[in-house]
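Novice: So that we are looking at the same thing, I have put the structure below in structure tokens.
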Amino acid sequence: MTIKDSSTSPVKKPKTALVIEGIHGIGAAICRALKADGFQVIAHHWQDWTQARAFASAEDIPIMEWSMSSWEACQTGLSDIARHWSMPSVLVNHVRSLTPTSWDSITPQQWSNDVTSPLTGAMALMQGVVPSMCQKGYGRLITVGRFHGLSDSTETVIGHTLNASLLGLTKTMAKDIAPYGVTANMVATGHVRTQEIDGIDPDMLEHCVKNIPLKRLGTPEEIANLVVFLCSSHAAFMTGSTLHVNGGQWMA
């Protein structure tokens, strides 16, 4: 477990936000937006130290590393955050895009990495932060996934399974924690311009954009601004919701 704390120590600590996979694309934009809104942000990553160091240096945001496949590692990470800052009052579980794979070619290791690991980490982290949120009377659980698995899209079975499972977990948590003033919502994104999108074949990307009614890709900042809204008092009556941000590609 490694911590890089490049922040100063204010007299009054701001609310703490933990962003999973927070050094890439949408996750990085969420970190920047929450920091600008006054949160003490910690960006999580796993085995990507080159990018993590560059991100921490450029953004002046602390970074932490652990495997989402380990329940113990997730809860140890939360304990370290609580000791250095405070227990997160905002948990953003950002799930990065997955490599398309047909159902008949999925390997046990791929299933474990892409489905079991993110779900294990999500549940372990929620279990770790929710008691503190409920005690404080404020907390935000925000899952940032894809609309695949929540629509009639043709995404592969891994994407469908993971996102549908995360939606079920988010809704279940929302109902249980609502009496304490803590909310849980899911942001289901469409095609957003990130490094993963930039690697797609240009002809395929052009075809994809043609199928989006707004005729463009989304930006990470558009997703990040929505997350900031969900953390605000303006969204205090919103829980158990799925917010689709996909340019009209799938209209819920």
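The chains in the structure tokens are called A, B, ... from first to last as shown; in each chain the residues are counted from 1, and the ligands are counted from 1 in the order shown.
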May I have a table of the residues of segment 184-228 of chain A lying at most 7 Å from segment 156-175 of chain A, giving each one's closest pair of atoms and their distance in Å to one decimal, counting only C-alpha atoms, ordered by chain and ascending residue number, as a tab-separated table?
Specialist:
residue	atom	partner	partner_atom	distance
A:Ala184	CA	A:Ala174	CA	4.8
A:Asn185	CA	A:Thr170	CA	6.3
A:Met186	CA	A:Leu167	CA	6.7
Novice: Can you list, as a PyMOL selection string, every protein, DNA or RNA residue that comes within 12 Å of Ile63 of chain A when you count only C-alpha atoms, leaving out same-chain residues fewer than 4 positions away?
Specialist: chain A and resi 1-7+17-23+28+31+40-59+77+80-81
Novice: Could you state the separation of atom CA of Asn113 of chain A and atom CA of His191 of chain A in Å, given to one decimal place?
Specialist: 22.3 Å
Novice: How many Å lie between atom CA of Trp66 of chain A and atom CA of Ala33 of chain A, rounded to one decimal?
Specialist: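 Computing it gives 23.0 Å between the two atoms.
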Novice: Calculate how many Å separate atom CA of Arg83 of chain A from atom CA of Ser132 of chain A, rounding to one decimal.
Specialist: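 Here the two named atoms are 13.5 Å from each other.
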Novice: Choose the residue, out of A:Gln135, A:Ser69, A:Met87, A:Pro213, that has the smallest atom-to-atom separation from Gln109 of chain A; count only C-alpha atoms.
Specialist: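 Of the candidates, the smallest distance to Gln109 of chain A is held by A:Ser69.
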Novice: Show which residues sit within 10 Å of Cys208 of chain A, as a PyMOL selection string. Count only C-alpha atoms, and ignore same-chain residues fewer than 5 positions away.
Specialist: chain A and resi 191+202-203+215-217+249
Novice: What's around Val192 of chain A at 9 Å? Count only C-alpha atoms, leave out sequence neighbours fewer than 2 positions away in its own chain, and write the answer as a list of chain:residue names.
Specialist: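 Skipping anything fewer than 2 positions along the chain leaves A:Gly25, A:Ile26, A:Thr189, A:Gly190, A:Thr194, A:Ile197, A:Arg216, A:Leu217, A:Gly218, A:Thr219, A:Pro220, A:Ile223, A:Asn246.
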